[in-house]
$ cat entry_21.txt   # compact mmCIF, C-alpha atoms
# COMPACT_ATOMS: atom_id res chain seq x y z
CA MET A 1 86.60 111.69 112.46
CA LYS A 2 88.71 110.63 109.49
CA GLU A 3 90.36 114.04 109.43
CA LEU A 4 91.13 113.80 113.14
CA ILE A 5 92.81 110.42 112.67
CA ALA A 6 94.74 111.62 109.62
CA ARG A 7 95.98 114.73 111.43
CA ARG A 8 97.21 112.69 114.39
CA ALA A 9 98.94 110.14 112.15
CA ALA A 10 100.69 112.92 110.23
CA ARG A 11 102.47 113.91 113.46
CA LEU A 12 104.16 110.50 113.54
CA LEU A 13 105.94 111.17 110.25
CA LYS A 14 109.40 112.64 110.45
CA SER A 15 110.79 115.26 108.13
CA GLY A 16 112.69 113.75 105.22
CA TRP A 17 110.98 110.35 105.43
CA VAL A 18 109.86 108.37 102.41
CA VAL A 19 106.24 107.48 103.12
CA ASN A 20 103.72 105.24 101.37
CA LEU A 21 100.07 106.10 101.94
CA GLY A 22 97.34 103.48 101.47
CA ILE A 23 93.83 104.08 100.20
CA GLY A 24 91.12 105.74 102.36
CA ILE A 25 92.03 107.55 105.58
CA PRO A 26 95.78 107.13 104.85
CA THR A 27 95.41 109.30 101.74
CA LEU A 28 94.12 112.16 103.91
CA VAL A 29 97.37 112.18 105.89
CA SER A 30 99.11 114.10 103.09
CA ARG A 31 96.90 117.12 103.87
CA TYR A 32 98.44 117.45 107.31
CA VAL A 33 102.08 117.12 106.37
CA ASP A 34 103.99 120.32 105.67
CA GLU A 35 104.55 120.77 101.97
CA GLY A 36 107.73 118.97 100.97
CA ALA A 37 108.40 117.61 104.49
CA VAL A 38 108.15 113.98 103.40
CA PHE A 39 108.63 112.22 100.07
CA LEU A 40 105.48 110.32 99.12
CA HIS A 41 106.05 106.95 97.46
CA SER A 42 103.31 105.34 95.40
CA GLU A 43 103.77 101.65 94.65
CA ASN A 44 102.69 101.99 91.03
CA GLY A 45 106.03 103.67 90.42
CA VAL A 46 106.32 107.24 91.70
CA LEU A 47 108.53 108.81 94.35
CA GLY A 48 107.69 112.45 95.01
CA VAL A 49 103.90 112.52 94.68
CA GLY A 50 102.53 116.06 94.76
CA PRO A 51 99.06 117.51 95.28
CA PRO A 52 96.08 116.71 93.02
CA PRO A 53 96.32 118.40 89.61
CA THR A 54 94.48 121.50 88.47
CA PRO A 55 92.50 120.89 85.25
CA ALA A 56 95.41 122.37 83.31
CA GLN A 57 97.91 120.03 84.99
CA LEU A 58 95.85 116.86 84.56
CA ASP A 59 97.63 113.95 82.88
CA VAL A 60 95.48 110.80 82.84
CA ASN A 61 98.64 108.69 82.77
CA LEU A 62 99.88 110.08 86.06
CA ILE A 63 98.06 108.43 88.96
CA ASP A 64 98.73 107.12 92.45
CA ALA A 65 98.07 103.58 93.68
CA GLY A 66 94.48 104.58 94.48
CA LYS A 67 94.13 105.44 90.75
CA ARG A 68 93.59 109.12 91.49
CA PRO A 69 95.27 111.72 89.28
CA ILE A 70 98.33 113.28 90.90
CA THR A 71 101.11 115.73 90.18
CA VAL A 72 104.77 115.22 91.00
CA ARG A 73 107.10 117.48 92.94
CA PRO A 74 110.43 118.72 91.65
CA GLY A 75 112.92 115.89 92.16
CA ALA A 76 110.33 113.16 91.63
CA ALA A 77 111.27 109.86 89.98
CA TYR A 78 109.37 107.20 88.03
CA PHE A 79 110.24 103.51 88.14
CA ASP A 80 108.65 100.18 87.31
CA SER A 81 106.63 97.95 89.64
CA ALA A 82 109.45 95.47 90.30
CA GLN A 83 111.77 98.24 91.44
CA SER A 84 109.00 99.91 93.41
CA PHE A 85 108.37 96.77 95.45
CA ALA A 86 112.09 96.09 95.78
CA MET A 87 112.26 99.51 97.49
CA ILE A 88 109.40 98.47 99.77
CA ARG A 89 110.64 94.98 100.69
CA GLY A 90 114.23 96.15 100.84
CA GLY A 91 113.59 98.55 103.72
CA HIS A 92 114.09 101.76 101.73
CA VAL A 93 110.66 103.16 102.55
CA ASP A 94 110.55 104.71 106.02
CA ALA A 95 106.86 104.37 106.76
CA ALA A 96 103.57 103.04 105.46
CA VAL A 97 100.25 104.40 106.61
CA LEU A 98 97.65 101.66 106.16
CA GLY A 99 94.02 101.03 106.95
CA ALA A 100 92.99 97.89 108.83
CA LEU A 101 89.89 95.82 109.51
CA GLN A 102 91.26 94.45 112.79
CA VAL A 103 94.42 94.64 114.91
CA ASP A 104 95.16 92.19 117.69
CA GLY A 105 96.71 92.74 121.11
CA ARG A 106 100.20 92.14 119.70
CA GLY A 107 99.72 94.60 116.88
CA ILE A 108 99.16 92.00 114.15
CA ILE A 109 97.02 93.39 111.34
CA ALA A 110 94.14 91.98 109.30
CA ASN A 111 93.34 94.18 106.32
CA TRP A 112 92.66 92.09 103.25
CA ALA A 113 90.09 89.34 103.62
CA ILE A 114 86.73 88.63 105.23
CA PRO A 115 85.86 84.97 105.93
CA GLY A 116 83.04 83.62 103.80
CA GLU A 117 83.51 86.32 101.20
CA LEU A 118 85.28 85.83 97.91
CA VAL A 119 88.68 87.50 98.25
CA LEU A 120 89.79 89.03 94.99
CA GLY A 121 92.20 91.73 96.04
CA VAL A 122 95.36 91.89 98.11
CA GLY A 123 97.30 94.62 96.31
CA GLY A 124 100.55 95.74 97.89
CA ALA A 125 99.61 95.70 101.58
CA MET A 126 101.44 92.46 102.42
CA ASP A 127 104.59 93.69 100.69
CA LEU A 128 104.47 96.97 102.61
CA LEU A 129 104.07 95.14 105.91
CA SER A 130 107.02 92.90 105.12
CA GLY A 131 109.47 95.68 104.42
CA VAL A 132 108.80 99.24 105.50
CA ARG A 133 110.56 100.48 108.62
CA SER A 134 107.52 101.83 110.41
CA VAL A 135 103.89 100.71 110.00
CA ILE A 136 101.23 103.18 111.08
CA VAL A 137 97.69 101.81 111.13
CA VAL A 138 94.90 104.37 110.86
CA MET A 139 91.33 103.20 111.35
CA SER A 140 88.05 103.89 113.09
CA HIS A 141 88.15 102.46 116.59
CA THR A 142 85.06 100.31 116.10
CA THR A 143 83.14 98.82 113.17
CA ARG A 144 79.98 100.41 111.81
CA ASP A 145 78.06 98.18 114.22
CA GLY A 146 80.12 99.42 117.16
CA GLU A 147 82.23 96.26 117.52
CA PRO A 148 85.83 96.80 118.67
CA LYS A 149 88.44 96.51 115.92
CA ILE A 150 91.28 96.15 118.41
CA VAL A 151 90.81 92.58 119.63
CA SER A 152 92.71 90.04 121.70
CA GLU A 153 92.66 87.48 118.87
CA LEU A 154 92.01 88.22 115.20
CA THR A 155 88.85 86.72 113.74
CA LEU A 156 89.91 87.84 110.24
CA PRO A 157 92.91 86.43 108.32
CA LYS A 158 96.14 88.23 109.16
CA SER A 159 98.05 90.21 106.56
CA SER A 160 101.54 89.60 107.89
CA LEU A 161 103.55 88.19 110.78
CA ARG A 162 104.90 91.69 111.26
CA PRO A 163 103.02 93.90 113.73
CA ALA A 164 102.13 97.56 113.36
CA ASP A 165 104.31 100.11 115.12
CA TYR A 166 101.51 102.59 115.76
CA ILE A 167 97.72 102.41 115.75
CA VAL A 168 95.83 105.67 115.46
CA THR A 169 92.05 105.82 115.93
CA GLU A 170 89.63 108.61 116.77
CA LEU A 171 89.93 107.62 120.46
CA ALA A 172 93.61 107.02 120.99
CA THR A 173 97.09 106.40 119.66
CA PHE A 174 98.84 103.16 120.65
CA ARG A 175 102.43 102.21 120.19
CA VAL A 176 103.34 98.54 119.80
CA ARG A 177 106.40 97.62 121.86
CA GLU A 178 107.63 94.04 122.15
CA SER A 179 104.27 92.70 121.02
CA VAL A 180 102.30 94.71 123.58
CA LEU A 181 99.98 97.63 122.90
CA THR A 182 100.93 100.70 124.86
CA LEU A 183 98.64 103.69 125.09
CA GLU A 184 100.56 106.66 123.78
CA GLU A 185 97.86 109.31 123.86
CA LEU A 186 94.14 109.69 124.39
CA MET A 187 92.33 111.97 122.00
CA GLU A 188 90.83 115.09 123.54
CA GLY A 189 87.65 114.40 125.50
CA VAL A 190 88.14 110.61 125.62
CA SER A 191 88.37 108.93 129.03
CA LEU A 192 90.42 105.83 129.77
CA ASP A 193 87.23 104.02 130.79
CA ASP A 194 85.59 104.93 127.53
CA LEU A 195 88.62 103.66 125.61
CA ARG A 196 88.69 100.40 127.61
CA SER A 197 84.99 99.78 127.01
CA ARG A 198 85.50 100.02 123.25
CA THR A 199 88.75 98.07 123.05
CA ALA A 200 88.73 94.26 123.20
CA ALA A 201 92.45 93.77 123.83
CA ALA A 202 94.61 94.51 126.83
CA PHE A 203 96.96 97.49 126.63
CA ARG A 204 99.49 99.16 128.86
CA THR A 205 98.87 102.69 130.01
CA MET B 1 114.89 96.81 62.29
CA ILE B 2 111.96 95.62 64.34
CA ARG B 3 108.70 94.83 62.55
CA VAL B 4 105.90 97.33 62.91
CA LEU B 5 102.46 95.78 62.49
CA SER B 6 98.84 96.75 62.97
CA ALA B 7 97.42 95.60 66.31
CA GLU B 8 95.24 93.02 64.49
CA GLU B 9 98.23 91.60 62.59
CA ALA B 10 100.36 91.47 65.72
CA VAL B 11 97.70 89.68 67.77
CA ALA B 12 97.06 87.19 64.95
CA GLU B 13 100.77 86.50 64.64
CA VAL B 14 101.74 86.01 68.28
CA LEU B 15 98.67 84.66 70.08
CA PHE B 16 97.16 81.20 70.12
CA ASP B 17 94.36 79.42 71.98
CA GLY B 18 95.41 78.50 75.51
CA ALA B 19 98.27 81.02 75.56
CA THR B 20 99.60 82.54 78.78
CA LEU B 21 99.49 86.26 78.25
CA MET B 22 100.92 89.14 80.25
CA VAL B 23 99.20 92.48 79.83
CA GLY B 24 100.78 95.63 81.25
CA GLY B 25 99.04 98.39 83.13
CA PHE B 26 97.89 99.46 86.57
CA GLY B 27 94.17 99.78 86.05
CA LEU B 28 93.85 101.33 82.60
CA VAL B 29 97.02 103.42 82.94
CA GLY B 30 99.82 101.81 80.95
CA LYS B 31 97.44 99.28 79.43
CA PRO B 32 98.02 98.55 75.71
CA LEU B 33 94.42 99.41 74.82
CA THR B 34 94.84 99.11 71.05
CA LEU B 35 96.25 95.60 71.40
CA VAL B 36 93.57 94.64 73.92
CA ARG B 37 90.90 95.81 71.48
CA ALA B 38 92.46 93.67 68.74
CA LEU B 39 92.59 90.74 71.17
CA ASN B 40 88.91 91.24 71.93
CA ALA B 41 88.08 91.26 68.22
CA SER B 42 90.05 88.06 67.64
CA ALA B 43 88.82 84.48 68.06
CA PHE B 44 91.54 83.48 70.58
CA LYS B 45 90.26 81.84 73.74
CA ASP B 46 91.19 79.79 76.83
CA LEU B 47 93.74 82.40 77.79
CA THR B 48 95.63 82.66 81.06
CA VAL B 49 95.98 86.37 81.69
CA ILE B 50 98.65 87.74 84.02
CA SER B 51 97.83 91.35 84.79
CA ASN B 52 97.56 93.35 88.00
CA ASN B 53 93.81 93.83 87.40
CA LEU B 54 91.24 92.65 84.87
CA GLY B 55 90.14 96.07 83.70
CA GLU B 56 86.84 97.57 84.66
CA PRO B 57 83.42 96.20 83.69
CA GLY B 58 83.45 95.95 79.90
CA LYS B 59 86.60 98.06 79.55
CA GLY B 60 89.98 96.79 78.39
CA LEU B 61 90.56 93.32 79.82
CA GLY B 62 87.12 93.59 81.44
CA GLU B 63 85.73 93.21 77.91
CA THR B 64 88.08 90.25 77.26
CA LEU B 65 86.60 88.60 80.34
CA ARG B 66 83.01 89.33 79.25
CA LEU B 67 83.75 87.74 75.88
CA GLY B 68 84.64 84.52 77.72
CA LYS B 69 88.22 84.42 76.47
CA VAL B 70 89.89 84.24 79.89
CA ARG B 71 90.10 80.86 81.60
CA ARG B 72 92.49 81.88 84.35
CA ALA B 73 93.58 85.23 85.77
CA ILE B 74 96.71 85.81 87.83
CA GLY B 75 97.02 89.20 89.52
CA SER B 76 96.87 91.15 92.76
CA TYR B 77 93.72 93.25 92.67
CA PHE B 78 90.50 92.24 90.91
CA THR B 79 88.16 93.90 93.39
CA THR B 80 87.32 96.87 91.15
CA ASN B 81 85.70 94.70 88.48
CA PRO B 82 82.56 92.95 89.82
CA ASP B 83 82.46 90.82 86.64
CA VAL B 84 85.48 88.93 88.01
CA ALA B 85 83.58 87.81 91.14
CA ALA B 86 80.58 86.84 89.01
CA ALA B 87 82.74 84.78 86.64
CA VAL B 88 84.47 83.01 89.54
CA ILE B 89 81.13 82.17 91.20
CA ALA B 90 79.79 80.90 87.86
CA GLY B 91 82.82 78.61 87.59
CA LYS B 92 83.95 80.26 84.36
CA LEU B 93 87.12 81.81 85.70
CA GLN B 94 89.91 80.60 87.95
CA VAL B 95 91.68 83.37 89.87
CA THR B 96 95.12 83.23 91.47
CA LEU B 97 95.78 86.11 93.83
CA ILE B 98 99.38 87.15 94.45
CA PRO B 99 100.68 90.10 96.49
CA GLN B 100 101.55 92.85 94.05
CA GLY B 101 105.24 92.95 94.90
CA THR B 102 105.54 89.18 94.71
CA MET B 103 103.90 89.26 91.29
CA ALA B 104 106.34 91.88 90.01
CA GLU B 105 109.32 90.03 91.45
CA ALA B 106 108.10 86.68 90.05
CA MET B 107 108.14 88.24 86.58
CA ARG B 108 111.55 89.77 87.24
CA ALA B 109 112.83 86.35 88.35
CA ALA B 110 111.45 84.75 85.17
CA GLY B 111 113.12 87.36 83.00
CA ALA B 112 116.38 87.06 84.92
CA GLY B 113 116.57 83.28 84.63
CA LEU B 114 116.04 82.49 88.31
CA GLY B 115 114.37 79.33 89.58
CA GLY B 116 112.43 81.19 92.25
CA PHE B 117 113.03 83.42 95.24
CA TYR B 118 112.34 83.63 98.97
CA THR B 119 110.23 86.59 100.03
CA PRO B 120 109.01 87.60 103.50
CA THR B 121 105.79 88.89 101.90
CA ALA B 122 102.72 86.83 102.85
CA ALA B 123 104.69 84.54 105.21
CA GLY B 124 102.32 83.17 107.83
CA THR B 125 99.23 84.23 105.88
CA ARG B 126 96.66 82.31 103.86
CA LEU B 127 98.39 83.29 100.63
CA ALA B 128 101.42 81.25 101.69
CA GLU B 129 99.40 78.08 102.34
CA GLY B 130 100.82 75.09 100.50
CA LYS B 131 104.02 76.93 99.65
CA GLU B 132 107.47 75.96 100.81
CA THR B 133 108.75 78.23 103.59
CA ARG B 134 112.16 78.62 105.09
CA VAL B 135 113.54 80.47 108.09
CA LEU B 136 116.57 82.50 107.09
CA ARG B 137 118.45 84.64 109.61
CA GLY B 138 115.57 84.22 112.03
CA ARG B 139 112.83 85.30 109.66
CA GLU B 140 110.24 83.28 107.77
CA TYR B 141 110.30 83.47 103.97
CA VAL B 142 108.05 81.96 101.29
CA LEU B 143 109.41 80.31 98.16
CA GLU B 144 107.82 81.87 95.10
CA GLU B 145 108.16 80.55 91.58
CA PRO B 146 108.96 82.68 88.55
CA LEU B 147 106.08 83.84 86.36
CA HIS B 148 106.66 83.21 82.65
CA ALA B 149 104.39 83.95 79.72
CA ASP B 150 104.13 83.04 76.07
CA VAL B 151 103.28 86.59 75.07
CA ALA B 152 103.42 90.02 76.70
CA LEU B 153 101.35 92.91 75.40
CA ILE B 154 102.89 96.07 76.80
CA ARG B 155 102.50 99.84 76.50
CA ALA B 156 105.39 102.28 76.16
CA HIS B 157 105.59 105.90 75.08
CA ARG B 158 108.30 105.95 72.46
CA ALA B 159 110.29 103.30 70.63
CA ASP B 160 113.16 103.53 68.22
CA GLU B 161 113.31 101.38 65.10
CA LEU B 162 115.25 98.69 66.96
CA GLY B 163 112.59 98.41 69.66
CA ASN B 164 114.31 100.29 72.49
CA LEU B 165 111.58 101.69 74.74
CA VAL B 166 110.95 104.66 76.98
CA TYR B 167 107.80 105.08 79.06
CA TRP B 168 105.47 107.86 80.18
CA LYS B 169 105.16 108.70 83.88
CA SER B 170 103.12 106.18 85.88
CA ALA B 171 102.14 104.31 82.71
CA ARG B 172 105.43 102.44 83.12
CA ASN B 173 104.32 100.18 86.03
CA PHE B 174 104.44 96.46 85.09
CA ASN B 175 105.37 96.98 81.43
CA PRO B 176 109.20 96.84 81.66
CA VAL B 177 109.25 93.72 83.82
CA MET B 178 106.68 91.95 81.63
CA ALA B 179 108.88 92.70 78.63
CA THR B 180 111.56 90.53 80.24
CA ALA B 181 109.35 87.59 81.23
CA ALA B 182 107.56 86.60 78.02
CA LYS B 183 108.82 84.67 75.01
CA THR B 184 107.28 87.15 72.58
CA VAL B 185 106.78 90.82 73.39
CA VAL B 186 104.58 93.25 71.48
CA ALA B 187 104.93 96.89 72.50
CA GLU B 188 102.25 99.45 71.72
CA VAL B 189 103.78 102.93 71.48
CA ASP B 190 102.78 106.51 70.69
CA GLU B 191 105.70 107.16 68.41
CA ILE B 192 108.59 105.40 66.65
CA VAL B 193 111.80 107.37 66.16
CA GLU B 194 115.02 106.70 64.26
CA VAL B 195 117.75 104.56 65.73
CA GLY B 196 120.04 106.89 67.65
CA ALA B 197 117.32 109.39 68.48
CA LEU B 198 116.90 107.98 72.01
CA ASP B 199 119.69 108.80 74.45
CA PRO B 200 121.13 105.43 75.61
CA GLU B 201 121.07 106.80 79.18
CA ILE B 202 117.28 107.02 79.22
CA ILE B 203 116.29 103.74 77.57
CA VAL B 204 114.31 101.69 80.08
CA THR B 205 113.68 98.56 78.02
CA PRO B 206 116.59 97.65 75.72
CA HIS B 207 115.49 96.34 72.32
CA LEU B 208 116.56 92.74 72.89
CA TYR B 209 113.38 92.24 74.91
CA VAL B 210 111.01 93.53 72.24
CA ASP B 211 109.77 91.60 69.18
CA ARG B 212 107.08 93.68 67.48
CA LEU B 213 105.82 97.26 67.59
CA VAL B 214 102.29 98.59 67.17
CA ILE B 215 101.27 102.24 67.00
CA ALA B 216 98.66 103.19 69.62
CA LYS B 217 95.25 104.14 68.21
CA GLU B 218 93.35 103.94 71.50
CA ARG B 219 94.28 106.27 74.30
CA LEU B 220 92.97 106.93 77.78
$ encode --input "entry_21.txt" --output "structure tokens"
Amino acid sequence: MKELIARRAARLLKSGWVVNLGIGIPTLVSRYVDEGAVFLHSENGVLGVGPPPTPAQLDVNLIDAGKRPITVRPGAAYFDSAQSFAMIRGGHVDAAVLGALQVDGRGIIANWAIPGELVLGVGGAMDLLSGVRSVIVVMSHTTRDGEPKIVSELTLPKSSLRPADYIVTELATFRVRESVLTLEELMEGVSLDDLRSRTAAAFRT
Amino acid sequence: MIRVLSAEEAVAEVLFDGATLMVGGFGLVGKPLTLVRALNASAFKDLTVISNNLGEPGKGLGETLRLGKVRRAIGSYFTTNPDVAAAVIAGKLQVTLIPQGTMAEAMRAAGAGLGGFYTPTAAGTRLAEGKETRVLRGREYVLEEPLHADVALIRAHRADELGNLVYWKSARNFNPVMATAAKTVVAEVDEIVEVGALDPEIIVTPHLYVDRLVIAKERL
């Protein structure tokens, strides 16, 4: 399922884009992008992230924002955290692929806190949402308990006032246009009724 | 010429009880582990630690936390160290969570002499509660204050004898900006070279930000 979502999301990325991939399903997206087609940005200070290292290539001081060892491609650059986030807020990163806990009917995302639980991490998600040109949410369509994650009103704290541009799940891809979810594509073998029954927000078809 | 000290001497010289301390690194990468070990061996306490994370359980700043030296932590991502949650629940630690980019920019603002800055990050969210906001050109921004520190412990790759610094790959992260935001900066480095041996074009942290050097004994 994760691979299916990642493969679909990869098709939304345009050649030559600078793209930041979050942790989890977003990381898998890099597998489905043609080698060198996009420039991967990692907020800990790397532009031009390459594939995972072979044992001979491993440098423990070269990691991505998920703290996994990486390599860099020819033409890569290193920079500090302040500059990295200036790139993000300043609109120089074309797209971010992010996970989410919930998305509402206007495309607003909740991906950092759960009520009643101690919240000890926010990382760079809010910065990415505030500045990248295109936000692509990748997530399972429902929770582990089968509850819809696309809801009319968020029950979890929002991450930003800025909505997602695309939402990709294992059932469908939505585009957010003028604060309305629009069904872009159903995944193979999924019916519109099936999608509606597992989605708790209205959407245009 | 900048003074080169042992990690123990440097920590003893620059730290004090109740100090606000910046510590570089993203996780353990770019963390000045030799200095952190000396800090852990010292008697200093009641520290406010500004660092993206608080290490991992018992490792790096995670050990500092276990030793009860940290009163307050300011950072963006403490989720990977369960000791942080336990210390907060036990009332032993106060945590201030800041979006990672806001944290970096708050340090940059401090180092650049600014009184604060308006950022769109976190506008309309819980992390902006109680903060001044302002609508500029139709968009909501949050006023963030600069983040200063008494001391920064940072990690670089190579220094010259004046204290000019160059870094190593993704171990750069928060280190250069922390070097600008603290009154006293101690840099832990792999190697110290002669003045003139570093090409001026590649120096990331000019020496005016750096006060003491320590040679790294602990590595990842």
$ interface_residues --input "entry_21.txt" --of "chain A" --to "chain B" --cutoff "7 Å" --atoms "only C-alpha atoms" --output "list in words"
Asn44, Gly45, Val46, Val60, Asn61, Leu62, Ile63, Tyr78, Asp80, Ser81, Ala82, Phe85, Leu120, Gly121, Val122, Gly123, Gly124, Met126, Asp127, Ser130, Lys158, Ser159, Ser160 and Leu161 of chain A
$ residues_around --input "entry_21.txt" --residues "Met87 (chain A)" --least-positions-apart "6" --cutoff "10 Å" --atoms "only C-alpha atoms" --output "VMD selection string"
(chain A and resid 41 43 81 93 128 131 to 132) or (chain B and resid 101)
$ axis_aligned_box --input "entry_21.txt" --around "region 71-82 of chain B" --padding-each-side "8 Å" --output "AutoDock Vina command-line options"
--center_x 89.8 --center_y 88.9 --center_z 87.5 --size_x 30.5 --size_y 32.0 --size_z 27.8
$ residues_around --input "entry_21.txt" --residues "Arg73 (chain A)" --least-positions-apart "5" --cutoff "10 Å" --atoms "all atoms listed in the file" --output "list of chain:residue names"
A:Glu35, A:Gly36, A:Phe39, A:Leu40, A:Leu47, A:Gly48, A:Val49, A:Gly50, A:Pro51
$ closest_residue --input "entry_21.txt" --among "B:Leu65, B:Leu153, B:Leu54, B:Ala41" --to "Thr20 (chain B)" --atoms "all atoms listed in the file"
B:Leu153
$ atom_distance --input "entry_21.txt" --atom1 "CA of Ile192 (chain B)" --atom2 "CA of Asp160 (chain B)"
5.2 Å
$ atom_distance --input "entry_21.txt" --atom1 "CA of Val70 (chain B)" --atom2 "CA of Ala110 (chain B)"
22.2 Å
$ residues_around --input "entry_21.txt" --residues "Lys45 (chain B)" --least-positions-apart "2" --cutoff "8 Å" --atoms "all atoms listed in the file" --output "number ranges by chain"
B: 16-18, 43, 47, 68-71
$ closest_residue --input "entry_21.txt" --among "A:Asn111, A:Thr155, A:Asn20, A:Ser42" --to "Ala65 (chain A)" --atoms "all atoms listed in the file"
A:Ser42
$ atom_distance --input "entry_21.txt" --atom1 "CA of Pro74 (chain A)" --atom2 "CA of Leu12 (chain A)"
24.2 Å
$ closest_residue --input "entry_21.txt" --among "B:Lys31, B:His207, B:Arg158, B:Arg137" --to "Lys59 (chain B)" --atoms "all atoms listed in the file"
B:Lys31
$ closest_residue --input "entry_21.txt" --among "A:Pro157, A:Arg106, A:Ala172, A:Glu185" --to "Ala202 (chain A)" --atoms "all atoms listed in the file"
A:Arg106
$ residues_around --input "entry_21.txt" --residues "Leu39 (chain B)" --least-positions-apart "6" --cutoff "10 Å" --atoms "all atoms listed in the file" --output "VMD selection string"
chain B and resid 7 to 8 10 to 12 15 33 45 60 to 61 63 to 64 69 153
$ closest_residue --input "entry_21.txt" --among "A:Ala100, A:Gly16, A:Val29, A:Glu188" --to "Thr143 (chain A)" --atoms "all atoms listed in the file"
A:Ala100
$ decode --input "entry_21.txt" --residues "region 36-53 of chain B" --atoms "N, CA and C atoms" --output "tab-separated table (two decimals), in the first residue's frame"
chain	number	residue	atom	x	y	z
B	36	VAL	N	30.41	17.63	25.23
B	36	VAL	CA	29.24	17.17	25.98
B	36	VAL	C	29.69	16.18	27.07
B	37	ARG	N	30.66	15.35	26.75
B	37	ARG	CA	31.16	14.41	27.77
B	37	ARG	C	31.78	15.18	28.95
B	38	ALA	N	32.54	16.23	28.61
B	38	ALA	CA	33.15	17.04	29.68
B	38	ALA	C	32.08	17.75	30.50
B	39	LEU	N	31.03	18.21	29.80
B	39	LEU	CA	29.90	18.84	30.51
B	39	LEU	C	29.27	17.84	31.47
B	40	ASN	N	29.09	16.60	30.99
B	40	ASN	CA	28.47	15.58	31.83
B	40	ASN	C	29.33	15.23	33.04
B	41	ALA	N	30.63	15.35	32.89
B	41	ALA	CA	31.54	15.04	34.00
B	41	ALA	C	31.69	16.22	34.96
B	42	SER	N	31.18	17.37	34.57
B	42	SER	CA	31.32	18.56	35.41
B	42	SER	C	30.20	18.60	36.45
B	43	ALA	N	30.26	19.61	37.33
B	43	ALA	CA	29.24	19.75	38.37
B	43	ALA	C	28.17	20.77	37.98
B	44	PHE	N	28.27	21.36	36.77
B	44	PHE	CA	27.33	22.42	36.39
B	44	PHE	C	25.90	21.89	36.29
B	45	LYS	N	24.96	22.74	36.73
B	45	LYS	CA	23.56	22.30	36.76
B	45	LYS	C	22.62	23.47	36.47
B	46	ASP	N	21.32	23.17	36.50
B	46	ASP	CA	20.27	24.18	36.23
B	46	ASP	C	20.43	24.83	34.86
B	47	LEU	N	20.82	24.03	33.90
B	47	LEU	CA	21.10	24.59	32.57
B	47	LEU	C	19.83	24.70	31.73
B	48	THR	N	19.79	25.75	30.91
B	48	THR	CA	18.80	25.82	29.83
B	48	THR	C	19.55	25.40	28.57
B	49	VAL	N	19.08	24.34	27.94
B	49	VAL	CA	19.78	23.82	26.77
B	49	VAL	C	18.97	24.10	25.52
B	50	ILE	N	19.58	24.79	24.57
B	50	ILE	CA	18.95	25.04	23.27
B	50	ILE	C	19.64	24.13	22.27
B	51	SER	N	18.90	23.15	21.79
B	51	SER	CA	19.46	22.18	20.85
B	51	SER	C	18.28	21.55	20.12
B	52	ASN	N	18.47	21.17	18.87
B	52	ASN	CA	17.33	20.64	18.12
B	52	ASN	C	16.69	19.45	18.83
B	53	ASN	N	17.54	18.58	19.39
B	53	ASN	CA	17.08	17.39	20.12
B	53	ASN	C	17.82	17.33	21.45
